[in-house]
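Here is target_15.cif, consisting of mmCIF, C-alpha atoms, pLDDT in the B column; chains and numbers go by the auth columns:
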```cif
data_run
#
loop_
_atom_site.group_PDB
_atom_site.id
_atom_site.type_symbol
_atom_site.label_atom_id
_atom_site.label_comp_id
_atom_site.label_asym_id
_atom_site.label_seq_id
_atom_site.Cartn_x
_atom_site.Cartn_y
_atom_site.Cartn_z
_atom_site.B_iso_or_equiv
_atom_site.auth_seq_id
_atom_site.auth_asym_id
ATOM 1 C CA MET A 1 -14.069 46.850 -44.489 54.00 1 A
ATOM 2 C CA LYS A 2 -12.574 49.029 -41.726 78.00 2 A
ATOM 3 C CA ASP A 3 -9.665 47.808 -39.657 89.00 3 A
ATOM 4 C CA PRO A 4 -11.406 45.305 -37.341 92.00 4 A
ATOM 5 C CA TYR A 5 -9.124 46.233 -34.432 93.00 5 A
ATOM 6 C CA LYS A 6 -10.114 49.888 -34.760 92.00 6 A
ATOM 7 C CA VAL A 7 -13.791 48.912 -34.874 92.00 7 A
ATOM 8 C CA LEU A 8 -13.425 47.157 -31.515 93.00 8 A
ATOM 9 C CA GLY A 9 -11.143 49.875 -30.159 93.00 9 A
ATOM 10 C CA VAL A 10 -8.263 47.545 -29.351 94.00 10 A
ATOM 11 C CA SER A 11 -4.640 47.183 -30.373 92.00 11 A
ATOM 12 C CA PRO A 12 -3.529 44.388 -32.738 91.00 12 A
ATOM 13 C CA ASP A 13 -1.300 43.282 -29.867 91.00 13 A
ATOM 14 C CA ALA A 14 -4.245 42.898 -27.482 92.00 14 A
ATOM 15 C CA SER A 15 -4.792 39.489 -25.946 92.00 15 A
ATOM 16 C CA ASP A 16 -7.733 37.320 -26.947 89.00 16 A
ATOM 17 C CA GLU A 17 -9.349 37.986 -23.574 90.00 17 A
ATOM 18 C CA GLU A 18 -8.989 41.762 -24.011 92.00 18 A
ATOM 19 C CA ILE A 19 -10.571 41.557 -27.444 92.00 19 A
ATOM 20 C CA LYS A 20 -13.464 39.497 -26.132 90.00 20 A
ATOM 21 C CA LYS A 21 -14.070 41.964 -23.284 91.00 21 A
ATOM 22 C CA ALA A 22 -14.032 44.874 -25.736 92.00 22 A
ATOM 23 C CA TYR A 23 -16.477 43.045 -27.981 89.00 23 A
ATOM 24 C CA TYR A 24 -18.976 42.333 -25.202 87.00 24 A
ATOM 25 C CA ALA A 25 -18.719 45.926 -23.945 88.00 25 A
ATOM 26 C CA LEU A 26 -19.645 47.198 -27.408 89.00 26 A
ATOM 27 C CA VAL A 27 -22.496 44.692 -27.666 84.00 27 A
ATOM 28 C CA LYS A 28 -23.894 45.987 -24.391 82.00 28 A
ATOM 29 C CA LYS A 29 -23.499 49.600 -25.512 84.00 29 A
ATOM 30 C CA TYR A 30 -24.957 49.326 -29.007 82.00 30 A
ATOM 31 C CA HIS A 31 -27.486 46.549 -28.704 78.00 31 A
ATOM 32 C CA PRO A 32 -30.727 47.790 -30.338 72.00 32 A
ATOM 33 C CA ASP A 33 -32.863 46.540 -27.449 70.00 33 A
ATOM 34 C CA ASN A 34 -31.216 49.117 -25.190 70.00 34 A
ATOM 35 C CA ILE A 35 -32.274 52.008 -27.440 75.00 35 A
ATOM 36 C CA GLN A 36 -35.795 53.433 -27.419 73.00 36 A
ATOM 37 C CA ASN A 37 -35.630 55.760 -30.421 77.00 37 A
ATOM 38 C CA ASP A 38 -36.525 53.908 -33.639 74.00 38 A
ATOM 39 C CA ASP A 39 -34.103 55.864 -35.831 75.00 39 A
ATOM 40 C CA LEU A 40 -31.255 55.380 -33.395 82.00 40 A
ATOM 41 C CA ARG A 41 -32.148 51.706 -33.050 78.00 41 A
ATOM 42 C CA GLU A 42 -31.661 51.211 -36.796 81.00 42 A
ATOM 43 C CA LEU A 43 -28.265 52.895 -36.618 84.00 43 A
ATOM 44 C CA ALA A 44 -27.374 50.711 -33.650 82.00 44 A
ATOM 45 C CA SER A 45 -28.293 47.595 -35.644 82.00 45 A
ATOM 46 C CA GLN A 46 -25.907 48.663 -38.386 84.00 46 A
ATOM 47 C CA LYS A 47 -23.205 49.330 -35.819 87.00 47 A
ATOM 48 C CA MET A 48 -23.771 45.915 -34.258 85.00 48 A
ATOM 49 C CA GLN A 49 -23.340 44.241 -37.630 85.00 49 A
ATOM 50 C CA GLU A 50 -20.030 46.062 -38.076 88.00 50 A
ATOM 51 C CA ILE A 51 -18.929 45.013 -34.585 89.00 51 A
ATOM 52 C CA ASN A 52 -19.871 41.367 -35.162 87.00 52 A
ATOM 53 C CA GLU A 53 -18.059 41.238 -38.481 88.00 53 A
ATOM 54 C CA ALA A 54 -14.938 42.840 -36.986 89.00 54 A
ATOM 55 C CA TYR A 55 -14.911 40.341 -34.117 89.00 55 A
ATOM 56 C CA GLU A 56 -15.308 37.385 -36.450 88.00 56 A
ATOM 57 C CA GLU A 57 -12.565 38.710 -38.760 90.00 57 A
ATOM 58 C CA ILE A 58 -10.110 39.078 -35.893 91.00 58 A
ATOM 59 C CA LYS A 59 -10.809 35.558 -34.672 89.00 59 A
ATOM 60 C CA ALA A 60 -10.417 34.178 -38.185 87.00 60 A
ATOM 61 C CA MET A 61 -7.081 35.947 -38.611 87.00 61 A
ATOM 62 C CA ARG A 62 -5.814 34.675 -35.299 88.00 62 A
ATOM 63 C CA ALA A 63 -6.998 31.147 -35.969 85.00 63 A
ATOM 64 C CA SER A 64 -4.909 31.163 -39.144 78.00 64 A
ATOM 65 C CA GLY A 65 -1.971 32.880 -37.415 70.00 65 A
ATOM 66 C CA ALA A 66 -2.248 35.852 -39.760 58.00 66 A
ATOM 67 C CA SER A 67 -2.226 38.657 -37.198 51.00 67 A
ATOM 68 C CA GLY A 68 -2.179 39.463 -33.512 51.00 68 A
ATOM 69 C CA ALA A 69 -1.845 37.132 -30.545 48.00 69 A
ATOM 70 C CA SER A 70 -2.092 33.421 -31.180 39.00 70 A
ATOM 71 C CA GLY A 71 -5.038 31.261 -30.236 40.00 71 A
ATOM 72 C CA THR A 72 -8.711 32.014 -29.763 38.00 72 A
ATOM 73 C CA SER A 73 -10.643 32.437 -26.543 39.00 73 A
ATOM 74 C CA SER A 74 -14.237 31.960 -27.584 40.00 74 A
ATOM 75 C CA GLY A 75 -13.617 29.438 -30.350 39.00 75 A
ATOM 76 C CA ARG A 76 -16.337 30.486 -32.756 40.00 76 A
ATOM 77 C CA SER A 77 -14.008 30.058 -35.700 37.00 77 A
ATOM 78 C CA GLY A 78 -11.241 27.986 -34.102 40.00 78 A
ATOM 79 C CA ASP A 79 -10.124 24.763 -35.729 39.00 79 A
ATOM 80 C CA THR A 80 -10.456 22.862 -32.449 39.00 80 A
ATOM 81 C CA ASN A 81 -14.221 23.185 -32.716 47.00 81 A
ATOM 82 C CA GLY A 82 -14.368 22.485 -36.448 47.00 82 A
ATOM 83 C CA ASP A 83 -15.696 25.986 -37.226 56.00 83 A
ATOM 84 C CA SER A 84 -13.700 27.213 -40.226 60.00 84 A
ATOM 85 C CA HIS A 85 -16.601 28.847 -42.079 79.00 85 A
ATOM 86 C CA THR A 86 -16.446 32.310 -40.561 80.00 86 A
ATOM 87 C CA ASP A 87 -17.873 34.250 -43.514 83.00 87 A
ATOM 88 C CA LEU A 88 -20.667 31.742 -43.972 87.00 88 A
ATOM 89 C CA TYR A 89 -21.647 31.891 -40.308 89.00 89 A
ATOM 90 C CA ILE A 90 -21.735 35.687 -40.384 90.00 90 A
ATOM 91 C CA ARG A 91 -24.104 35.450 -43.335 87.00 91 A
ATOM 92 C CA VAL A 92 -26.251 32.865 -41.526 91.00 92 A
ATOM 93 C CA ARG A 93 -26.515 35.113 -38.473 92.00 93 A
ATOM 94 C CA ASN A 94 -27.593 38.032 -40.641 89.00 94 A
ATOM 95 C CA LEU A 95 -30.174 35.876 -42.415 89.00 95 A
ATOM 96 C CA ILE A 96 -31.663 34.732 -39.117 90.00 96 A
ATOM 97 C CA ASN A 97 -31.838 38.324 -37.920 88.00 97 A
ATOM 98 C CA GLU A 98 -33.629 39.236 -41.147 86.00 98 A
ATOM 99 C CA GLY A 99 -36.123 36.400 -40.655 86.00 99 A
ATOM 100 C CA ASN A 100 -34.866 34.430 -43.665 90.00 100 A
ATOM 101 C CA VAL A 101 -34.614 31.172 -41.732 91.00 101 A
ATOM 102 C CA ARG A 102 -35.056 28.834 -44.709 91.00 102 A
ATOM 103 C CA GLU A 103 -31.976 30.183 -46.477 92.00 103 A
ATOM 104 C CA ALA A 104 -29.999 30.208 -43.229 92.00 104 A
ATOM 105 C CA ASP A 105 -30.873 26.556 -42.662 92.00 105 A
ATOM 106 C CA SER A 106 -29.984 25.690 -46.250 91.00 106 A
ATOM 107 C CA LEU A 107 -26.530 27.227 -45.871 91.00 107 A
ATOM 108 C CA LEU A 108 -25.933 25.343 -42.630 93.00 108 A
ATOM 109 C CA GLU A 109 -26.927 22.042 -44.221 91.00 109 A
ATOM 110 C CA HIS A 110 -24.227 22.509 -46.865 88.00 110 A
ATOM 111 C CA VAL A 111 -21.476 22.475 -44.223 83.00 111 A
ATOM 112 C CA PRO A 112 -19.807 19.023 -44.253 81.00 112 A
ATOM 113 C CA TYR A 113 -20.533 16.879 -41.201 74.00 113 A
ATOM 114 C CA GLY A 114 -16.897 16.782 -40.156 72.00 114 A
ATOM 115 C CA GLU A 115 -16.764 20.595 -40.066 80.00 115 A
ATOM 116 C CA ARG A 116 -19.888 21.178 -37.961 83.00 116 A
ATOM 117 C CA GLY A 117 -18.459 22.598 -34.775 86.00 117 A
ATOM 118 C CA ALA A 118 -19.685 24.790 -31.943 88.00 118 A
ATOM 119 C CA GLU A 119 -20.887 27.735 -34.026 91.00 119 A
ATOM 120 C CA TRP A 120 -22.691 25.442 -36.459 92.00 120 A
ATOM 121 C CA SER A 121 -24.518 23.714 -33.604 91.00 121 A
ATOM 122 C CA PHE A 122 -25.439 27.041 -32.032 94.00 122 A
ATOM 123 C CA LEU A 123 -26.802 28.563 -35.243 94.00 123 A
ATOM 124 C CA LYS A 124 -28.690 25.385 -36.133 94.00 124 A
ATOM 125 C CA GLY A 125 -30.214 25.532 -32.666 93.00 125 A
ATOM 126 C CA CYS A 126 -31.276 29.116 -33.329 94.00 126 A
ATOM 127 C CA VAL A 127 -32.953 27.994 -36.550 93.00 127 A
ATOM 128 C CA TYR A 128 -34.810 25.276 -34.617 91.00 128 A
ATOM 129 C CA ILE A 129 -35.980 27.818 -32.044 91.00 129 A
ATOM 130 C CA ARG A 130 -37.384 29.925 -34.868 89.00 130 A
ATOM 131 C CA ALA A 131 -39.186 26.846 -36.200 85.00 131 A
ATOM 132 C CA GLY A 132 -40.600 25.933 -32.802 83.00 132 A
ATOM 133 C CA ARG A 133 -38.421 22.817 -32.400 86.00 133 A
ATOM 134 C CA TYR A 134 -37.328 23.655 -28.876 84.00 134 A
ATOM 135 C CA TYR A 135 -36.038 20.294 -27.678 85.00 135 A
ATOM 136 C CA ASP A 136 -33.935 19.890 -30.823 88.00 136 A
ATOM 137 C CA ALA A 137 -32.684 23.444 -30.307 90.00 137 A
ATOM 138 C CA MET A 138 -31.701 22.681 -26.715 90.00 138 A
ATOM 139 C CA ARG A 139 -29.824 19.553 -27.776 90.00 139 A
ATOM 140 C CA LEU A 140 -27.804 21.470 -30.373 92.00 140 A
ATOM 141 C CA ILE A 141 -27.026 24.423 -28.128 95.00 141 A
ATOM 142 C CA GLU A 142 -25.943 22.011 -25.391 92.00 142 A
ATOM 143 C CA ASN A 143 -23.538 20.537 -27.939 90.00 143 A
ATOM 144 C CA ALA A 144 -22.252 24.028 -28.777 90.00 144 A
ATOM 145 C CA CYS A 145 -21.573 24.603 -25.066 93.00 145 A
ATOM 146 C CA ARG A 146 -19.811 21.261 -24.811 89.00 146 A
ATOM 147 C CA LEU A 147 -17.557 22.084 -27.765 87.00 147 A
ATOM 148 C CA ASP A 148 -16.891 25.626 -26.573 88.00 148 A
ATOM 149 C CA PRO A 149 -17.486 25.698 -22.786 86.00 149 A
ATOM 150 C CA GLY A 150 -16.108 29.201 -22.376 87.00 150 A
ATOM 151 C CA ASN A 151 -18.493 30.881 -24.803 89.00 151 A
ATOM 152 C CA GLN A 152 -20.796 33.158 -22.787 89.00 152 A
ATOM 153 C CA GLU A 153 -23.176 33.669 -25.683 90.00 153 A
ATOM 154 C CA TYR A 154 -23.890 29.963 -26.028 90.00 154 A
ATOM 155 C CA ARG A 155 -24.234 29.465 -22.274 90.00 155 A
ATOM 156 C CA ALA A 156 -26.600 32.413 -21.784 91.00 156 A
ATOM 157 C CA THR A 157 -28.829 31.209 -24.610 91.00 157 A
ATOM 158 C CA LEU A 158 -28.924 27.680 -23.209 90.00 158 A
ATOM 159 C CA ASP A 159 -29.730 28.912 -19.700 90.00 159 A
ATOM 160 C CA ARG A 160 -32.640 31.004 -20.962 88.00 160 A
ATOM 161 C CA LEU A 161 -33.915 28.182 -23.114 86.00 161 A
ATOM 162 C CA ARG A 162 -33.824 25.763 -20.177 85.00 162 A
ATOM 163 C CA MET A 163 -35.542 28.256 -17.919 84.00 163 A
ATOM 164 C CA THR A 164 -38.336 28.824 -20.408 77.00 164 A
ATOM 165 C CA ALA A 165 -38.714 25.123 -21.157 71.00 165 A
ATOM 166 C CA SER A 166 -39.315 24.483 -17.454 72.00 166 A
ATOM 167 C CA GLN A 167 -42.404 26.689 -17.490 67.00 167 A
ATOM 168 C CA PRO A 168 -45.931 25.297 -18.050 62.00 168 A
ATOM 169 C CA ASN A 169 -46.398 24.323 -21.713 57.00 169 A
ATOM 170 C CA GLY A 170 -42.750 25.188 -22.232 51.00 170 A
ATOM 171 C CA GLY A 171 -42.091 21.996 -24.106 48.00 171 A
ATOM 172 C CA ALA A 172 -44.307 22.810 -27.070 48.00 172 A
ATOM 173 C CA TYR A 173 -43.047 21.244 -30.252 44.00 173 A
ATOM 174 C CA GLN A 174 -43.837 22.374 -33.738 44.00 174 A
ATOM 175 C CA ASN A 175 -43.727 20.431 -36.979 41.00 175 A
ATOM 176 C CA SER A 176 -40.390 20.965 -38.709 42.00 176 A
ATOM 177 C CA ASN A 177 -42.052 21.662 -42.051 41.00 177 A
ATOM 178 C CA THR A 178 -42.768 25.261 -41.106 40.00 178 A
ATOM 179 C CA ASP A 179 -40.533 28.188 -40.243 41.00 179 A
ATOM 180 C CA THR A 180 -43.115 30.223 -38.395 39.00 180 A
ATOM 181 C CA CYS A 181 -43.459 30.263 -34.639 39.00 181 A
ATOM 182 C CA CYS A 182 -46.320 28.486 -32.968 37.00 182 A
ATOM 183 C CA GLY A 183 -47.436 31.549 -31.028 36.00 183 A
ATOM 184 C CA GLY A 184 -47.775 29.424 -27.883 37.00 184 A
ATOM 185 C CA ASP A 185 -46.504 30.001 -24.393 40.00 185 A
ATOM 186 C CA LEU A 186 -42.898 29.103 -25.100 41.00 186 A
ATOM 187 C CA CYS A 187 -42.651 31.235 -28.195 40.00 187 A
ATOM 188 C CA THR A 188 -44.153 34.197 -26.369 37.00 188 A
ATOM 189 C CA SER A 189 -41.804 33.720 -23.425 38.00 189 A
ATOM 190 C CA LEU A 190 -38.788 33.456 -25.689 44.00 190 A
ATOM 191 C CA CYS A 191 -39.693 36.646 -27.500 41.00 191 A
ATOM 192 C CA CYS A 192 -40.392 38.579 -24.311 34.00 192 A
ATOM 193 C CA ALA A 193 -37.086 37.406 -22.855 36.00 193 A
ATOM 194 C CA ASN A 194 -35.251 38.402 -26.061 44.00 194 A
ATOM 195 C CA LEU A 195 -33.601 35.000 -25.949 47.00 195 A
ATOM 196 C CA LEU A 196 -31.365 35.451 -28.935 50.00 196 A
ATOM 197 C CA CYS A 197 -31.051 39.202 -29.256 46.00 197 A
ATOM 198 C CA ASN A 198 -27.588 39.399 -27.785 44.00 198 A
ATOM 199 C CA CYS A 199 -26.301 36.787 -30.205 49.00 199 A
ATOM 200 C CA CYS A 200 -26.210 38.756 -33.416 49.00 200 A
ATOM 201 C CA GLY A 201 -27.201 42.295 -32.675 46.00 201 A
ATOM 202 C CA GLY A 202 -30.840 41.854 -33.562 45.00 202 A
ATOM 203 C CA ASP A 203 -33.942 39.785 -33.008 42.00 203 A
ATOM 204 C CA MET A 204 -33.683 36.208 -34.181 41.00 204 A
ATOM 205 C CA ILE A 205 -37.294 35.562 -33.336 37.00 205 A
ATOM 206 C CA ARG A 206 -39.864 37.674 -35.146 38.00 206 A
ATOM 207 C CA CYS A 207 -43.192 36.044 -34.376 37.00 207 A
ATOM 208 C CA CYS A 208 -44.563 38.579 -31.865 35.00 208 A
#
```
Please go through the file and, once you have read it, give me the structure as structure tokens.
Amino acid sequence: MKDPYKVLGVSPDASDEEIKKAYYALVKKYHPDNIQNDDLRELASQKMQEINEAYEEIKAMRASGASGASGTSSGRSGDTNGDSHTDLYIRVRNLINEGNVREADSLLEHVPYGERGAEWSFLKGCVYIRAGRYYDAMRLIENACRLDPGNQEYRATLDRLRMTASQPNGGAYQNSNTDTCCGGDLCTSLCCANLLCNCCGGDMIRCC
């Protein structure tokens, strides 16, 4: 893999806040939803995957004290939130983006209970959204926000989920034995709002 600091365009001596700002700037620039051309959108998706992996690698290194400034600012892989499964969570995010929700859920279920921190709760909530289990999703994403209150990604997702749930028929609930969306009002609203697109550089919901 390329030097993760070069991918984000920052120095290894950059602060955690500077790295986070650089990451979000790149997300805004390369997010596929902001690109109309199909060919360029595919390239942007690949770039977003590279950006996400670089960001996660930097946070993992800093959490272990291996390189750069100490501490983490968003906590996705910080020990204080119990998220020490960086590589696994990157894989789960990619699986959700690809629509392979069953495998993503299976990987999450193999994480020991004592190690299920903010990122685990967030990704499990994303899986529940994909399955139509919106109230369960909200509960888990609320927990992710509680464990990592400074994470803008978690907060934005929760705010959109709450806003959509407040709409008529927004509380639809689907049986957990299926991983396809219900196609109802909430699902449609979530898709149209691109609820989870900014999370992983691609659509997490593929029912529309």
- Take CA of Asn52 (chain A) and CA of Ile90 (chain A) and report the distance between them in Å, one decimal.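 So the two atoms, CA of Asn52 (chain A) and CA of Ile90 (chain A), lie 7.9 Å apart.
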- Message: Given the PyMOL selection byres ((chain A and resi 108) around 12) and the file above, list the residues it selects as number ranges by chain.
- Response: A: 83, 85-86, 88-93, 95-96, 101-107, 109-113, 115-117, 119-128
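Of the residues listed (A:Asn151, A:Met138, A:Thr164, A:Thr157), A:Asn151 shows the shortest atom-to-atom separation from Glu17 (chain A); distances use all atoms listed in the file.
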- Item | Of the listed residues A:Ala137, A:Lys20, A:Gly114, A:Arg130, that which approaches Asn100 (chain A) most closely, counting all atoms listed in the file | A:Arg130
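Reported to one decimal place, the separation of CA of Ile51 (chain A) from CA of Lys29 (chain A) is 11.1 Å.
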- Message: Considering only C-alpha atoms, can you say which of A:Leu8, A:Leu147, A:Ala44, A:Ala118 comes closest to Ala22 (chain A)?
- Response: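 Closest to Ala22 (chain A), using only C-alpha atoms: A:Leu8.
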- Message: Given the point (-34.3, 18.3, -27.0) in the file's coordinates, find the residues that have an atom at most 12 Å from it, counting all atoms listed in the file, and give them as an MDAnalysis selection string.
- Response: chainID A and resid 125 128:129 132:143 158 161:162 165 170:173
- Å distance separating CA of Asp148 (chain A) from CA of Val27 (chain A), one decimal place: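 That distance, rounded to one decimal, is 19.9 Å.
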Around all the atoms of region 34-52 of chain A listed in the file, with 4 Å of room on each side, what axis-aligned box do you get, giving centre and edge lengths in Å to one decimal, as JSON?
```
{"center_x": -27.7, "center_y": 48.6, "center_z": -31.8, "size_x": 25.6, "size_y": 22.5, "size_z": 21.2}
```
- Query: Which is closer to Met61 (chain A) than all the others in A:Val10, A:Leu26, A:Tyr5, A:Glu18, using only C-alpha atoms?
  - Reply: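 Closest candidate: A:Tyr5.
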